[in-house]
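Inspection log for the structure reproduced underneath, given as structure tokens.
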Amino acid sequence: MAHTSQPIRVYLAGPDVFHPQARQLGDEKKSICAALGLMGVFPLDETVSGNGMTPAEHGIAISAKDARLARSCDAVLVNLTPYLGPSMDVGTAVELGLMVGLGKPAFGYTNKASDFAGRVADFGAPVGWKTENFGLTDNLMVDGMINASGGRVIVPERDLPFEDMTTFTDAATALAKHLGENDRAE
């Protein structure tokens, strides 16, 4: 990635947009990115008015806006903290796939210390169904795609509150270092 005078744009993917303090979390993450020379792009930086739209049309318009914002970025930081179950947010997984498919580096982080198999066991897997047990953060495709992009996943030693910024800061720092190393290699 060639060095430019403009900061490297980083899409901040995750279920944070559903949190009661979504904008505050987004602003805090953008501030952490700025301190590292990155420009955090939070999905709520732009909104889509639902005026004159059906709920389905509004949802599709938000999806298109988020995909456009993600495509405008050079990398992605992915919040893998489980949301509504034992796994990461499915919309965030789609954004991860989009960015990796575009050849952009992805770094993930979670505030849960347990691996995917442990969370599924706690949640209650359907009887007779196999559960992935690879010691990974989430489904093997999630960890695999992050790894394939040149990134890695940051996991805490113990569970942290969703709002805690420790693993996000570590992932953003690792991404900034990765991007800096790639700049020097070119």
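Here's how to read the names in the structure tokens: chain A, B, ... by the order shown, residue numbers from 1 in each chain, ligand numbers from 1 in the order shown.
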
Could you pull out all residues of segment 84-178 of chain A with a DSSP call of strand (DSSP E) and give them as a PyMOL selection string? chain A and resi 106-109+153-154

Selected residues written out, N, CA, C and O atoms, as a PDB file, in the first residue's frame:
ATOM      1  N   ALA A 106      -7.568  -7.285   7.039  1.00  0.00           N
ATOM      2  CA  ALA A 106      -8.582  -7.334   8.091  1.00  0.00           C
ATOM      3  C   ALA A 106      -7.925  -7.779   9.388  1.00  0.00           C
ATOM      4  O   ALA A 106      -7.203  -8.776   9.414  1.00  0.00           O
ATOM      5  N   PHE A 107      -8.183  -7.028  10.448  1.00  0.00           N
ATOM      6  CA  PHE A 107      -7.760  -7.412  11.787  1.00  0.00           C
ATOM      7  C   PHE A 107      -9.017  -7.509  12.632  1.00  0.00           C
ATOM      8  O   PHE A 107      -9.890  -6.644  12.558  1.00  0.00           O
ATOM      9  N   GLY A 108      -9.121  -8.581  13.405  1.00  0.00           N
ATOM     10  CA  GLY A 108     -10.296  -8.803  14.226  1.00  0.00           C
ATOM     11  C   GLY A 108      -9.972  -8.693  15.700  1.00  0.00           C
ATOM     12  O   GLY A 108      -8.815  -8.799  16.109  1.00  0.00           O
ATOM     13  N   TYR A 109     -11.012  -8.490  16.487  1.00  0.00           N
ATOM     14  CA  TYR A 109     -10.866  -8.424  17.935  1.00  0.00           C
ATOM     15  C   TYR A 109     -12.188  -8.849  18.555  1.00  0.00           C
ATOM     16  O   TYR A 109     -13.245  -8.758  17.958  1.00  0.00           O
ATOM     17  N   VAL A 153      -6.331 -12.028  14.880  1.00  0.00           N
ATOM     18  CA  VAL A 153      -7.427 -11.773  15.810  1.00  0.00           C
ATOM     19  C   VAL A 153      -6.852 -11.548  17.204  1.00  0.00           C
ATOM     20  O   VAL A 153      -6.021 -12.329  17.669  1.00  0.00           O
ATOM     21  N   ILE A 154      -7.316 -10.486  17.850  1.00  0.00           N
ATOM     22  CA  ILE A 154      -6.901 -10.167  19.216  1.00  0.00           C
ATOM     23  C   ILE A 154      -7.989 -10.671  20.170  1.00  0.00           C
ATOM     24  O   ILE A 154      -9.163 -10.330  20.030  1.00  0.00           O
TER      25      ILE A 154
END

Can you list, as an NGL selection string, every protein, DNA or RNA residue that comes within 10 Å of Arg119 of chain A when you count only C-alpha atoms, leaving out same-chain residues fewer than 2 positions away? :A and (82 or 85-87 or 112-117 or 121-125 or 137-138)

May I have the residues from that selection written out with N, CA and C atoms, as a compact mmCIF listing (two decimals), in the first residue's frame?
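For reference, again.txt as written:
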# COMPACT_ATOMS: atom_id res chain seq x y z
N PRO A 82 -19.39 -11.65 20.23
CA PRO A 82 -20.70 -12.24 19.91
C PRO A 82 -21.85 -11.27 20.14
N GLY A 85 -26.17 -14.23 20.26
CA GLY A 85 -25.90 -15.66 20.23
C GLY A 85 -24.44 -15.94 20.48
N PRO A 86 -23.97 -17.15 20.15
CA PRO A 86 -22.59 -17.52 20.44
C PRO A 86 -21.59 -17.03 19.40
N SER A 87 -22.07 -16.47 18.30
CA SER A 87 -21.21 -16.10 17.19
C SER A 87 -21.23 -14.59 16.95
N LYS A 112 -14.55 -11.39 24.22
CA LYS A 112 -14.84 -12.68 24.86
C LYS A 112 -13.59 -13.55 24.81
N ALA A 113 -13.21 -14.10 25.94
CA ALA A 113 -12.01 -14.93 26.02
C ALA A 113 -12.23 -16.35 25.51
N SER A 114 -13.45 -16.85 25.61
CA SER A 114 -13.72 -18.24 25.24
C SER A 114 -13.71 -18.41 23.72
N ASP A 115 -13.35 -19.62 23.29
CA ASP A 115 -13.37 -19.90 21.86
C ASP A 115 -14.79 -20.23 21.40
N PHE A 116 -14.95 -20.38 20.10
CA PHE A 116 -16.26 -20.62 19.50
C PHE A 116 -16.92 -21.87 20.07
N ALA A 117 -16.17 -22.97 20.15
CA ALA A 117 -16.75 -24.23 20.65
C ALA A 117 -17.27 -24.07 22.07
N ALA A 121 -21.18 -24.50 23.18
CA ALA A 121 -21.55 -25.46 24.23
C ALA A 121 -22.37 -24.76 25.32
N ASP A 122 -21.95 -23.54 25.70
CA ASP A 122 -22.69 -22.79 26.71
C ASP A 122 -24.08 -22.39 26.20
N PHE A 123 -24.17 -22.09 24.92
CA PHE A 123 -25.41 -21.65 24.32
C PHE A 123 -26.40 -22.81 24.16
N GLY A 124 -25.85 -23.99 23.89
CA GLY A 124 -26.68 -25.18 23.69
C GLY A 124 -26.77 -25.57 22.23
N ALA A 125 -25.81 -26.36 21.77
CA ALA A 125 -25.81 -26.83 20.39
C ALA A 125 -26.93 -27.84 20.19
N THR A 137 -11.64 -18.21 17.31
CA THR A 137 -12.52 -17.19 17.85
C THR A 137 -13.97 -17.38 17.43
N ASP A 138 -14.17 -17.81 16.19
CA ASP A 138 -15.51 -17.98 15.65
C ASP A 138 -15.44 -19.10 14.62

So how many Å separate atom CA of Val94 of chain A and atom CA of Leu25 of chain A, to one decimal? 21.0 Å

Using only C-alpha atoms for the distances, tell me which of A:Val100, A:Val142, A:Ala93, A:Met165 is nearest to Gln24 of chain A.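 Ranked by minimum distance to Gln24 of chain A, first place goes to A:Met165.
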
Would you return as a PyMOL selection string the members of segment 41-132 of chain A that DSSP assigns to alpha helix (DSSP H) on this structure's backbone? chain A and resi 55-71+90-101+116-123

How would the residues just chosen look if you wrote them out with N, CA and C atoms as a short mmCIF file (atom, residue, chain, number, x, y, z; two decimals), in the first residue's frame?
data_model
loop_
_atom_site.label_atom_id
_atom_site.label_comp_id
_atom_site.auth_asym_id
_atom_site.auth_seq_id
_atom_site.Cartn_x
_atom_site.Cartn_y
_atom_site.Cartn_z
N PRO A 55 -40.00 -0.45 5.04
CA PRO A 55 -38.91 -0.93 5.90
C PRO A 55 -37.87 -1.76 5.13
N ALA A 56 -38.33 -2.60 4.22
CA ALA A 56 -37.39 -3.42 3.44
C ALA A 56 -36.52 -2.55 2.54
N GLU A 57 -37.11 -1.56 1.89
CA GLU A 57 -36.32 -0.65 1.04
C GLU A 57 -35.30 0.12 1.87
N HIS A 58 -35.72 0.53 3.07
CA HIS A 58 -34.81 1.25 3.95
C HIS A 58 -33.63 0.35 4.34
N GLY A 59 -33.91 -0.89 4.70
CA GLY A 59 -32.85 -1.84 5.05
C GLY A 59 -31.88 -2.06 3.91
N ILE A 60 -32.39 -2.23 2.70
CA ILE A 60 -31.53 -2.43 1.52
C ILE A 60 -30.68 -1.18 1.27
N ALA A 61 -31.26 0.00 1.47
CA ALA A 61 -30.52 1.25 1.27
C ALA A 61 -29.38 1.38 2.30
N ILE A 62 -29.64 0.97 3.53
CA ILE A 62 -28.59 1.01 4.56
C ILE A 62 -27.48 0.03 4.18
N SER A 63 -27.85 -1.15 3.71
CA SER A 63 -26.85 -2.13 3.28
C SER A 63 -25.97 -1.56 2.17
N ALA A 64 -26.57 -0.92 1.20
CA ALA A 64 -25.81 -0.34 0.08
C ALA A 64 -24.88 0.76 0.58
N LYS A 65 -25.35 1.59 1.50
CA LYS A 65 -24.52 2.66 2.08
C LYS A 65 -23.34 2.07 2.83
N ASP A 66 -23.58 1.04 3.65
CA ASP A 66 -22.49 0.42 4.41
C ASP A 66 -21.46 -0.23 3.47
N ALA A 67 -21.93 -0.90 2.44
CA ALA A 67 -21.01 -1.52 1.48
C ALA A 67 -20.18 -0.45 0.76
N ARG A 68 -20.79 0.66 0.42
CA ARG A 68 -20.07 1.75 -0.24
C ARG A 68 -19.01 2.33 0.70
N LEU A 69 -19.39 2.56 1.97
CA LEU A 69 -18.42 3.06 2.94
C LEU A 69 -17.26 2.08 3.11
N ALA A 70 -17.57 0.80 3.23
CA ALA A 70 -16.51 -0.21 3.38
C ALA A 70 -15.58 -0.20 2.18
N ARG A 71 -16.14 -0.18 0.97
CA ARG A 71 -15.32 -0.17 -0.25
C ARG A 71 -14.41 1.06 -0.33
N VAL A 90 -23.84 -11.42 12.05
CA VAL A 90 -23.81 -11.92 10.68
C VAL A 90 -23.56 -10.80 9.66
N GLY A 91 -24.10 -9.61 9.89
CA GLY A 91 -23.83 -8.50 8.98
C GLY A 91 -22.36 -8.12 8.97
N THR A 92 -21.75 -8.19 10.13
CA THR A 92 -20.31 -7.92 10.24
C THR A 92 -19.52 -8.98 9.48
N ALA A 93 -19.98 -10.23 9.53
CA ALA A 93 -19.32 -11.30 8.78
C ALA A 93 -19.38 -11.01 7.28
N VAL A 94 -20.51 -10.48 6.82
CA VAL A 94 -20.64 -10.13 5.40
C VAL A 94 -19.65 -9.02 5.05
N GLU A 95 -19.54 -8.01 5.92
CA GLU A 95 -18.60 -6.92 5.67
C GLU A 95 -17.16 -7.43 5.66
N LEU A 96 -16.83 -8.35 6.56
CA LEU A 96 -15.51 -8.96 6.56
C LEU A 96 -15.25 -9.65 5.23
N GLY A 97 -16.21 -10.45 4.77
CA GLY A 97 -16.04 -11.16 3.50
C GLY A 97 -15.86 -10.20 2.33
N LEU A 98 -16.63 -9.10 2.33
CA LEU A 98 -16.50 -8.10 1.27
C LEU A 98 -15.09 -7.54 1.25
N MET A 99 -14.59 -7.12 2.40
CA MET A 99 -13.28 -6.48 2.45
C MET A 99 -12.15 -7.45 2.09
N VAL A 100 -12.21 -8.66 2.60
CA VAL A 100 -11.18 -9.64 2.25
C VAL A 100 -11.27 -9.98 0.76
N GLY A 101 -12.49 -10.08 0.24
CA GLY A 101 -12.68 -10.32 -1.20
C GLY A 101 -12.10 -9.21 -2.06
N PHE A 116 -14.95 -20.38 20.10
CA PHE A 116 -16.26 -20.62 19.50
C PHE A 116 -16.92 -21.87 20.07
N ALA A 117 -16.17 -22.97 20.15
CA ALA A 117 -16.75 -24.23 20.65
C ALA A 117 -17.27 -24.07 22.07
N GLY A 118 -16.53 -23.37 22.90
CA GLY A 118 -16.97 -23.15 24.28
C GLY A 118 -18.24 -22.34 24.35
N ARG A 119 -18.34 -21.31 23.51
CA ARG A 119 -19.55 -20.48 23.52
C ARG A 119 -20.74 -21.24 22.98
N VAL A 120 -20.53 -22.08 21.96
CA VAL A 120 -21.63 -22.88 21.42
C VAL A 120 -22.11 -23.88 22.47
N ALA A 121 -21.18 -24.50 23.18
CA ALA A 121 -21.55 -25.46 24.23
C ALA A 121 -22.37 -24.76 25.32
N ASP A 122 -21.95 -23.54 25.70
CA ASP A 122 -22.69 -22.79 26.71
C ASP A 122 -24.08 -22.39 26.20
N PHE A 123 -24.17 -22.09 24.92
CA PHE A 123 -25.41 -21.65 24.32
C PHE A 123 -26.40 -22.81 24.16
#

Which is closest to Ala22 of chain A among A:Glu132, A:Glu157, A:Asp45, A:Asp143, if we use only C-alpha atoms?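 Looking at the shortest contact to Ala22 of chain A, the residue is A:Asp45.
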
Can you list, as a PyMOL selection string, every protein, DNA or RNA residue that comes within 9 Å of Gly26 of chain A when you count only C-alpha atoms, leaving out same-chain residues fewer than 2 positions away? chain A and resi 12+16-17+21-24+28-31+40-45

Excluding segment 166-181 of chain A and residues on its chain fewer than 3 positions from it, collect all residues at most 7 Å away from it, counting only C-alpha atoms, and give them as a ChimeraX atom specification. /A:32-33,36,77,107-111,154-156,184-185

Proximity to Gly150 of chain A - best of A:Gly14, A:Pro126, A:Gly52, A:Gly103, only C-alpha atoms: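 Residue with the minimum atom-to-atom distance to Gly150 of chain A: A:Gly103.
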
Do you have the atom CA of Leu84 of chain A-atom CA of Arg9 of chain A distance handy?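 Result for atom CA of Leu84 of chain A versus atom CA of Arg9 of chain A: 28.5 Å, one decimal.
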
Distance of atom CA of Arg152 of chain A from atom CA of Leu136 of chain A, expressed in Å to one decimal place: 11.3 Å

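Closest approach to Ala35 of chain A among A:Cys73, A:Pro7, A:Asn147, A:Pro105 is made by A:Pro7 (distances from only C-alpha atoms).
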
Counting only C-alpha atoms, the residue among A:Val48, A:Val76, A:Ala13, A:Met88 that lies closest to Gly151 of chain A is A:Val76
